[in-house]
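Structure file model30.txt with compact mmCIF, C-alpha atoms and all ligand atoms:
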# COMPACT_ATOMS: atom_id res chain seq x y z
CA MET A 1 63.12 158.84 95.08
CA SER A 2 63.74 157.64 91.52
CA SER A 3 66.21 154.91 90.49
CA ASN A 4 69.91 155.19 91.18
CA LYS A 5 70.85 154.85 87.52
CA VAL A 6 72.44 158.03 86.23
CA ASP A 7 72.11 158.58 82.47
CA ILE A 8 75.24 159.73 80.72
CA PHE A 9 74.56 162.33 78.04
CA ASP A 10 77.70 162.93 76.04
CA THR A 11 78.05 166.29 74.29
CA THR A 12 81.62 165.92 72.98
CA LEU A 13 80.26 166.20 69.43
CA ARG A 14 78.33 169.41 70.22
CA ASP A 15 79.60 171.44 73.23
CA GLY A 16 83.03 169.75 72.97
CA GLU A 17 83.34 170.39 69.27
CA GLN A 18 82.67 174.13 69.86
CA VAL A 19 86.26 174.43 71.14
CA PRO A 20 88.37 176.41 68.66
CA GLY A 21 90.47 173.95 66.65
CA CYS A 22 88.33 170.91 67.58
CA LYS A 23 85.93 171.05 64.64
CA LEU A 24 85.21 167.59 63.24
CA ASN A 25 84.06 166.43 59.83
CA THR A 26 81.18 163.98 59.40
CA LYS A 27 83.42 160.90 59.09
CA GLU A 28 85.24 161.77 62.33
CA LYS A 29 81.95 162.46 64.13
CA ILE A 30 80.54 159.09 63.05
CA GLU A 31 83.67 157.30 64.28
CA LEU A 32 83.39 158.99 67.68
CA ALA A 33 79.63 158.42 67.93
CA LEU A 34 80.10 154.68 67.35
CA ALA A 35 82.83 154.57 70.00
CA LEU A 36 80.63 156.48 72.47
CA GLU A 37 77.78 154.05 71.88
CA ASP A 38 80.12 151.11 72.32
CA MET A 39 81.32 152.57 75.64
CA GLY A 40 77.73 152.71 76.95
CA VAL A 41 76.75 156.37 76.57
CA ASP A 42 72.96 156.65 76.95
CA ILE A 43 72.45 159.82 74.90
CA ILE A 44 74.79 161.20 72.22
CA GLU A 45 74.31 164.88 71.45
CA ALA A 46 75.41 164.67 67.83
CA GLY A 47 75.31 168.35 66.91
CA PHE A 48 73.32 171.52 66.29
CA PRO A 49 71.67 170.75 62.93
CA ILE A 50 70.64 174.29 61.97
CA SER A 51 74.12 175.66 62.60
CA SER A 52 75.60 174.42 59.28
CA PRO A 53 74.87 171.97 56.45
CA GLY A 54 77.88 169.96 57.64
CA ASP A 55 76.44 169.59 61.14
CA PHE A 56 73.04 168.67 59.72
CA GLU A 57 74.69 165.93 57.67
CA SER A 58 76.61 164.65 60.71
CA VAL A 59 73.48 164.39 62.85
CA GLU A 60 71.60 162.73 60.00
CA LYS A 61 74.33 160.14 59.34
CA ILE A 62 74.91 159.45 63.04
CA SER A 63 71.15 158.88 63.39
CA LYS A 64 71.37 156.18 60.74
CA VAL A 65 74.21 154.17 62.34
CA ILE A 66 73.47 154.44 66.06
CA THR A 67 71.10 151.74 67.27
CA LYS A 68 71.33 151.60 71.08
CA SER A 69 71.98 155.16 72.33
CA SER A 70 69.51 158.01 71.90
CA VAL A 71 70.69 160.56 69.35
CA CYS A 72 70.07 164.17 70.25
CA GLY A 73 70.09 167.37 68.20
CA LEU A 74 70.32 170.85 69.72
CA SER A 75 68.05 173.75 68.79
CA ARG A 76 67.16 177.18 70.09
CA ALA A 77 63.58 177.97 71.06
CA VAL A 78 62.88 178.76 67.42
CA GLN A 79 60.41 176.82 65.23
CA LYS A 80 62.76 176.59 62.26
CA ASP A 81 65.63 175.26 64.46
CA ILE A 82 63.35 172.60 65.86
CA GLU A 83 62.08 171.56 62.42
CA VAL A 84 65.64 171.26 61.10
CA ALA A 85 66.70 169.24 64.16
CA ALA A 86 63.70 166.94 63.65
CA ALA A 87 64.60 166.47 59.96
CA ALA A 88 68.20 165.60 60.83
CA LEU A 89 66.98 163.06 63.42
CA LYS A 90 64.41 161.50 61.09
CA HIS A 91 66.21 158.14 60.86
CA ALA A 92 67.19 157.89 64.54
CA LYS A 93 65.87 154.86 66.46
CA ARG A 94 65.70 157.00 69.60
CA PRO A 95 65.58 160.66 68.59
CA ARG A 96 65.72 163.45 71.14
CA ILE A 97 65.32 167.17 70.47
CA HIS A 98 67.17 169.40 72.93
CA THR A 99 65.59 172.82 72.85
CA GLY A 100 65.57 175.76 75.23
CA ILE A 101 66.18 179.37 76.08
CA GLY A 102 68.01 181.54 78.61
CA THR A 103 66.08 181.97 81.86
CA SER A 104 68.32 184.16 84.03
CA ASP A 105 67.46 187.85 84.23
CA ILE A 106 70.91 188.50 82.78
CA HIS A 107 69.95 186.54 79.66
CA ILE A 108 66.31 187.68 79.56
CA LYS A 109 67.29 191.36 79.58
CA GLY A 110 70.82 191.31 78.12
CA LYS A 111 70.27 188.78 75.34
CA PHE A 112 66.58 188.88 74.53
CA ASN A 113 65.51 192.33 75.82
CA SER A 114 62.44 190.48 77.01
CA THR A 115 60.47 189.69 80.17
CA ARG A 116 60.12 186.61 82.37
CA GLU A 117 56.53 186.16 81.17
CA GLU A 118 57.49 186.20 77.48
CA ILE A 119 60.37 183.78 78.03
CA LEU A 120 58.11 181.39 79.94
CA GLU A 121 55.70 181.41 77.00
CA ARG A 122 58.50 180.78 74.49
CA ALA A 123 59.75 177.89 76.63
CA ILE A 124 56.30 176.27 76.60
CA GLN A 125 55.85 176.84 72.87
CA CYS A 126 59.21 175.36 71.87
CA VAL A 127 58.58 172.17 73.83
CA LYS A 128 55.09 171.85 72.36
CA TRP A 129 56.49 172.37 68.86
CA ALA A 130 59.23 169.78 69.35
CA LYS A 131 56.63 167.28 70.64
CA ASN A 132 55.04 167.36 67.15
CA PHE A 133 58.15 165.56 65.86
CA VAL A 134 59.53 163.38 68.68
CA ASP A 135 58.37 161.96 72.03
CA ASP A 136 61.64 162.60 73.79
CA VAL A 137 62.08 166.35 74.27
CA GLU A 138 64.71 167.83 76.55
CA PHE A 139 64.36 171.47 77.57
CA TYR A 140 67.39 173.52 78.65
CA ALA A 141 67.00 176.57 80.88
CA GLU A 142 70.19 178.27 79.77
CA ASP A 143 72.09 180.01 82.59
CA ALA A 144 69.92 178.18 85.14
CA GLY A 145 72.91 178.49 87.46
CA ARG A 146 72.19 182.23 87.77
CA THR A 147 68.41 181.97 87.44
CA ASP A 148 66.17 182.84 90.37
CA ASN A 149 65.01 179.50 91.83
CA ASP A 150 61.37 180.53 92.14
CA TYR A 151 61.13 181.55 88.48
CA LEU A 152 63.15 178.50 87.40
CA ALA A 153 60.68 176.24 89.23
CA LYS A 154 57.79 177.88 87.28
CA VAL A 155 59.59 177.30 83.98
CA VAL A 156 60.40 173.69 84.85
CA GLU A 157 56.81 172.97 85.85
CA ALA A 158 55.47 174.57 82.66
CA VAL A 159 57.81 172.75 80.26
CA ILE A 160 57.08 169.40 81.92
CA LYS A 161 53.36 170.14 81.51
CA ALA A 162 54.08 170.93 77.84
CA GLY A 163 55.68 167.49 77.44
CA ALA A 164 59.39 167.78 78.28
CA THR A 165 60.78 164.39 79.31
CA VAL A 166 64.10 165.78 80.56
CA VAL A 167 64.82 169.25 81.97
CA ASN A 168 68.38 170.44 81.77
CA ILE A 169 69.60 172.85 84.47
CA PRO A 170 72.80 174.25 82.94
CA ASP A 171 75.34 176.14 84.95
CA THR A 172 76.24 177.75 81.64
CA THR A 173 78.89 180.08 83.03
CA GLY A 174 80.35 177.67 85.59
CA TYR A 175 79.50 180.14 88.36
CA CYS A 176 77.78 177.99 91.00
CA LEU A 177 79.38 176.49 94.07
CA PRO A 178 78.60 172.78 94.52
CA SER A 179 76.38 173.61 97.51
CA GLN A 180 74.45 176.20 95.46
CA TYR A 181 74.00 173.91 92.48
CA GLY A 182 72.90 171.05 94.73
CA ALA A 183 70.47 173.35 96.55
CA LYS A 184 69.00 174.41 93.19
CA MET A 185 68.27 170.79 92.25
CA ASN A 186 66.86 170.19 95.70
CA TYR A 187 64.62 173.25 95.37
CA LEU A 188 63.26 171.99 92.04
CA ILE A 189 62.66 168.48 93.38
CA ASN A 190 60.69 169.94 96.29
CA ASN A 191 58.89 172.82 94.59
CA VAL A 192 57.89 171.56 91.15
CA PRO A 193 54.64 169.60 91.62
CA ASN A 194 55.01 167.48 88.44
CA ILE A 195 58.78 166.82 88.83
CA ASP A 196 58.17 163.04 88.94
CA LYS A 197 57.21 163.21 85.23
CA ALA A 198 60.68 164.23 84.04
CA ILE A 199 64.38 163.66 84.63
CA LEU A 200 66.49 166.56 85.83
CA SER A 201 69.84 166.92 84.09
CA CYS A 202 73.14 168.53 85.13
CA HIS A 203 75.04 170.49 82.49
CA CYS A 204 77.98 172.19 84.18
CA HIS A 205 80.79 174.28 82.78
CA ASN A 206 84.22 174.40 84.33
CA ASP A 207 85.03 178.11 84.56
CA LEU A 208 85.87 177.79 88.26
CA GLY A 209 87.05 174.18 88.03
CA LEU A 210 83.83 172.99 89.72
CA ALA A 211 82.01 171.22 86.89
CA THR A 212 82.56 167.68 88.17
CA ALA A 213 81.81 168.58 91.79
CA ASN A 214 78.66 170.45 90.73
CA SER A 215 77.39 167.56 88.61
CA ILE A 216 77.89 165.09 91.46
CA GLU A 217 76.15 167.44 93.87
CA GLY A 218 73.32 167.74 91.34
CA VAL A 219 72.91 163.96 91.30
CA ILE A 220 73.03 163.70 95.09
CA ASN A 221 70.18 166.20 95.14
CA GLY A 222 67.97 164.41 92.65
CA ALA A 223 69.27 164.82 89.06
CA ARG A 224 69.52 161.57 87.10
CA GLN A 225 71.35 162.68 84.00
CA ILE A 226 74.79 164.22 83.61
CA GLU A 227 75.83 166.06 80.45
CA CYS A 228 79.55 165.77 79.92
CA THR A 229 82.35 165.48 77.41
CA ILE A 230 85.40 163.28 76.93
CA ASN A 231 88.50 164.97 78.41
CA GLY A 232 86.22 167.77 79.70
CA LEU A 233 86.34 169.55 76.33
CA GLY A 234 83.89 172.39 75.81
CA GLU A 235 83.31 176.12 75.61
CA ARG A 236 85.93 178.24 77.43
CA ALA A 237 87.25 176.15 80.37
CA GLY A 238 85.22 173.17 79.20
CA ASN A 239 82.35 170.97 80.37
CA THR A 240 82.08 168.31 83.03
CA SER A 241 84.49 165.54 82.18
CA LEU A 242 82.76 162.22 81.44
CA GLU A 243 85.59 160.08 82.78
CA GLU A 244 85.62 162.00 86.05
CA VAL A 245 81.90 161.76 86.87
CA VAL A 246 81.74 158.11 85.83
CA MET A 247 84.68 157.22 88.08
CA VAL A 248 83.42 159.34 91.01
CA LEU A 249 80.14 157.43 90.91
CA LYS A 250 81.92 154.08 90.42
CA GLN A 251 84.50 154.57 93.17
CA HIS A 252 82.05 156.00 95.70
CA LYS A 253 79.96 152.93 96.29
CA ASP A 254 78.73 154.75 99.41
CA LEU A 255 76.65 156.98 97.09
CA SER A 256 75.14 153.88 95.42
CA TYR A 257 74.65 155.43 91.96
CA TYR A 258 75.64 153.68 88.77
CA THR A 259 76.01 154.37 85.06
CA ASN A 260 76.05 152.15 81.95
CA ILE A 261 79.58 153.16 81.04
CA ASN A 262 82.17 150.44 80.52
CA ALA A 263 85.00 152.07 82.47
CA LYS A 264 87.66 149.97 80.69
CA LYS A 265 86.97 152.00 77.56
CA LEU A 266 87.58 155.39 79.22
CA TYR A 267 91.30 155.67 78.56
CA PRO A 268 91.20 154.44 74.92
CA MET A 269 88.22 156.78 74.33
CA SER A 270 90.14 159.72 75.77
CA ARG A 271 93.08 159.01 73.45
CA LEU A 272 90.78 158.60 70.43
CA VAL A 273 89.15 161.99 71.06
CA SER A 274 92.52 163.61 71.69
CA ASP A 275 93.93 162.19 68.44
CA ILE A 276 90.92 162.98 66.26
CA MET A 277 90.53 166.50 67.67
CA ARG A 278 94.30 167.02 67.80
CA MET A 279 93.83 168.33 71.33
CA PRO A 280 96.41 167.00 73.84
CA VAL A 281 95.26 165.85 77.27
CA GLN A 282 96.95 167.73 80.11
CA PRO A 283 99.35 165.28 81.84
CA ASN A 284 97.83 165.79 85.30
CA LYS A 285 94.24 165.32 84.07
CA ALA A 286 92.30 163.10 86.48
CA ILE A 287 91.70 159.52 85.27
CA VAL A 288 93.16 159.88 81.76
CA GLY A 289 96.22 162.16 82.05
CA ALA A 290 99.67 160.66 81.35
CA ASN A 291 100.61 161.20 85.01
CA ALA A 292 97.32 159.98 86.52
CA PHE A 293 99.00 156.71 87.54
CA SER A 294 102.64 157.83 87.82
CA HIS A 295 104.53 157.98 91.09
CA SER A 296 107.68 160.06 91.29
CA SER A 297 108.44 161.08 94.86
CA GLY A 298 110.39 158.74 97.12
CA ILE A 299 107.80 158.59 99.90
CA HIS A 300 104.97 157.77 97.50
CA GLN A 301 107.03 155.27 95.51
CA ASP A 302 108.09 153.41 98.61
CA GLY A 303 104.50 153.15 99.85
CA PHE A 304 103.12 152.26 96.42
CA LEU A 305 105.69 149.48 95.91
CA LYS A 306 104.76 147.96 99.28
CA SER A 307 101.01 148.19 98.64
CA ALA A 308 99.49 149.95 95.62
CA ILE A 309 96.40 151.14 97.50
CA THR A 310 98.53 153.36 99.76
CA TYR A 311 98.71 155.89 96.92
CA GLU A 312 96.21 154.76 94.28
CA ILE A 313 92.42 154.83 94.59
CA ILE A 314 91.92 153.40 91.10
CA ASP A 315 93.66 150.46 89.48
CA PRO A 316 94.66 151.82 86.03
CA VAL A 317 93.47 148.54 84.48
CA GLU A 318 89.94 149.50 85.57
CA VAL A 319 89.94 152.47 83.19
CA GLY A 320 91.85 150.75 80.40
CA ALA A 321 95.11 152.62 81.06
CA ASP A 322 98.62 151.17 81.09
CA THR A 323 100.01 149.88 84.37
CA SER A 324 101.10 152.40 87.00
CA LYS A 325 104.49 154.00 86.42
CA ILE A 326 107.43 154.55 88.71
CA VAL A 327 109.08 157.67 87.32
CA LEU A 328 112.63 158.43 88.42
CA THR A 329 113.50 162.01 89.28
CA ALA A 330 115.77 163.70 91.84
CA ARG A 331 112.88 163.26 94.32
CA SER A 332 112.81 159.48 93.93
CA GLY A 333 114.10 157.06 96.54
CA ARG A 334 116.21 153.90 96.66
CA SER A 335 113.30 151.47 96.54
CA ALA A 336 112.08 153.02 93.28
CA LEU A 337 115.59 152.88 91.83
CA ALA A 338 115.95 149.21 92.84
CA PHE A 339 112.52 148.43 91.36
CA ARG A 340 113.33 150.01 88.00
CA LEU A 341 116.76 148.35 87.85
CA LYS A 342 115.17 144.98 88.59
CA ASN A 343 112.65 145.54 85.79
CA LEU A 344 115.60 146.10 83.46
CA GLY A 345 117.13 142.78 84.53
CA TYR A 346 119.74 143.94 87.11
CA ASP A 347 119.86 142.15 90.41
CA PHE A 348 121.88 144.42 92.73
CA ASN A 349 122.10 143.94 96.48
CA ARG A 350 121.32 146.70 98.94
CA ASN A 351 124.93 147.99 99.14
CA ASP A 352 125.16 148.19 95.37
CA VAL A 353 121.90 150.13 95.20
CA ASP A 354 123.19 152.52 97.89
CA ALA A 355 126.33 153.13 95.88
CA LEU A 356 124.39 153.51 92.67
CA TYR A 357 121.92 155.88 94.30
CA GLU A 358 124.55 158.58 94.85
CA LYS A 359 125.49 158.53 91.15
CA PHE A 360 121.81 158.35 90.22
CA LEU A 361 121.15 161.58 92.15
CA GLN A 362 123.86 163.38 90.22
CA VAL A 363 122.25 162.38 86.94
CA ALA A 364 118.76 163.15 88.29
CA ASP A 365 119.79 166.63 89.45
CA ALA A 366 121.04 167.38 85.95
CA LYS A 367 117.94 166.00 84.16
CA LYS A 368 114.18 166.20 84.58
CA GLU A 369 113.70 162.44 84.41
CA VAL A 370 116.11 159.51 84.54
CA GLY A 371 115.27 157.06 81.76
CA ASP A 372 116.11 153.44 80.97
CA GLU A 373 119.17 154.42 78.96
CA ASP A 374 120.62 156.35 81.93
CA LEU A 375 119.89 153.38 84.19
CA HIS A 376 121.68 150.96 81.88
CA HIS A 377 124.66 153.31 81.86
CA LEU A 378 124.71 153.60 85.68
CA ALA A 379 124.26 149.83 86.10
CA LYS A 380 127.13 149.02 83.73
CA GLN A 381 129.41 151.39 85.66
CA GLN A 382 128.47 149.61 88.88
CA GLU A 383 129.13 146.20 87.33
CA ILE A 384 132.61 147.39 86.25
CA VAL A 385 133.36 148.59 89.80
CA GLU A 386 132.30 145.21 91.17
CA ALA A 387 134.25 143.17 88.59
O1 LIG B 401 75.94 175.59 78.49
C1 LIG B 401 74.76 175.60 78.09
O2 LIG B 401 73.87 176.22 78.66
C2 LIG B 401 74.47 174.85 76.88
C3 LIG B 401 73.03 174.73 76.47
C4 LIG B 401 72.87 174.97 75.01
C5 LIG B 401 72.51 173.39 76.88
O3 LIG B 401 75.35 174.27 76.28
ZN ZN B 402 77.11 174.04 77.56
Is it possible to give me this structure as structure tokens?
Amino acid sequence: MSSNKVDIFDTTLRDGEQVPGCKLNTKEKIELALALEDMGVDIIEAGFPISSPGDFESVEKISKVITKSSVCGLSRAVQKDIEVAAAALKHAKRPRIHTGIGTSDIHIKGKFNSTREEILERAIQCVKWAKNFVDDVEFYAEDAGRTDNDYLAKVVEAVIKAGATVVNIPDTTGYCLPSQYGAKMNYLINNVPNIDKAILSCHCHNDLGLATANSIEGVINGARQIECTINGLGERAGNTSLEEVVMVLKQHKDLSYYTNINAKKLYPMSRLVSDIMRMPVQPNKAIVGANAFSHSSGIHQDGFLKSAITYEIIDPVEVGADTSKIVLTARSGRSALAFRLKNLGYDFNRNDVDALYEKFLQVADAKKEVGDEDLHHLAKQQEIVEA
């Protein structure tokens, strides 16, 4: 089996930017590309050069400033697309062309009105054409998730023979179950004779909320690259979220995989993307959501205050987030109230806290969250009673 290093291929600037309202200009794309490189992303998919002059310019300028990561440009299995991608990547230190075609019968018939034989030939030709311009060619078998495994194995073998260095197995529609996606990777590992000459890549969409699970299952079954986006942005329900797969692999030492990502940059990166794309992060988003390290129910707060690991599997500092939060609501308990009061400088004994707690609950029942101002008010009332 190959190494346990998993390459992180970030497609925030391509699949992520396809989200309505998330379009970026060249300056914004360069800023994000530099931050992605700084965070340790191995491959940055910078755009789809033939799609617009603006995207061509972005890929070209990103290619000039990125020195450590590979810079990748997307193309269809069309000669002109590939030539334009190659031109945009001309200045890249590590250029990669990402080319491919739909391989499921649904795509072959519904999109191309073609046959499996013709599509296989086009797949071979596009890789061969791309190899005229760059060494590093990634082939994508679009809708691989719904492609017959036997045919997919033939395509994968043929494109590797044609020179593909990476073969992407996209679950384009987010249809697969983790067990199915894992079994697909396993099938390819065991049925493609030249599989040792290329890296298999996971590219999962989140239509059923399974993108992260599918990508991890893909790696467990032999893939060594994950395609993902910051905050899980992407077409429809989005792509695999970078911060999630990186932290799954980091936390599960039992799996013994690793990535180059500096996890401390995950939270700042998430905020940068959210700000630049003007796309808020849902509060309960794993790893980077505002509530990812907040505790609000009494039982959890009590346990957390005694020992953080009772209710937290990640120290927020590890992902560059603020410290954990104790949020006060009508579901919070006395220990959380005492903790927050102490943080505000009040040193009440147990009886005082008991007395305060009843008044606190009245405020909490009337509001969604009890804030510092409310606490000061309650504490002052208590001090007057005691005086
Ligand atoms: O989802 C997909 O299949 C894609 C390909 C273009 C790689 O984004
Ligand atoms: Zn995609």
Residues of chain A within 7 Å of ligand LIG 401 (chain B): nearest atom pair and distance (Å, one decimal) for each, counting all atoms listed in the file, sorted by chain and number, as CSV?
residue,atom,partner,partner_atom,distance
A:Asp15,CA,B:LIG401,O3,5.9
A:Tyr140,CA,B:LIG401,C5,5.4
A:Glu142,CA,B:LIG401,O2,4.4
A:Asp143,CA,B:LIG401,O2,5.7
A:Pro170,CA,B:LIG401,O2,4.8
A:Asp171,CA,B:LIG401,O2,6.5
A:Thr172,CA,B:LIG401,O1,3.8
A:His203,CA,B:LIG401,O1,6.5
A:Cys204,CA,B:LIG401,O1,6.9
A:His205,CA,B:LIG401,O1,6.6
Residue contacts of Asn190 in chain A (12 Å, all atoms listed in the file) excluding same-chain residues fewer than 4 positions away, as a list in words = Met1, Asn149, Asp150, Ala153, Glu157, Ala183, Lys184, Met185, Asn186, Asn194, Ile195, Asp196, Asn221 and Gly222 of chain A
Across A:Gly218, A:Gly174, A:Pro95, A:Pro283, the smallest distance to ligand ZN 402 (chain B), with all atoms listed in the file counted, is shown by A:Gly174
Shell around Val192 in chain A at 10 Å using only C-alpha atoms, local window under 5 positions removed, as a PyMOL selection string:
chain A and resi 150+152-158+160+187
Using only C-alpha atoms, which protein or nucleic acid residues come within 12 Å of range 349-361 of chain A? Drop anything in the same chain fewer than 4 positions from it, and give the result as number ranges by chain. A: 328-342, 365-372, 374-386
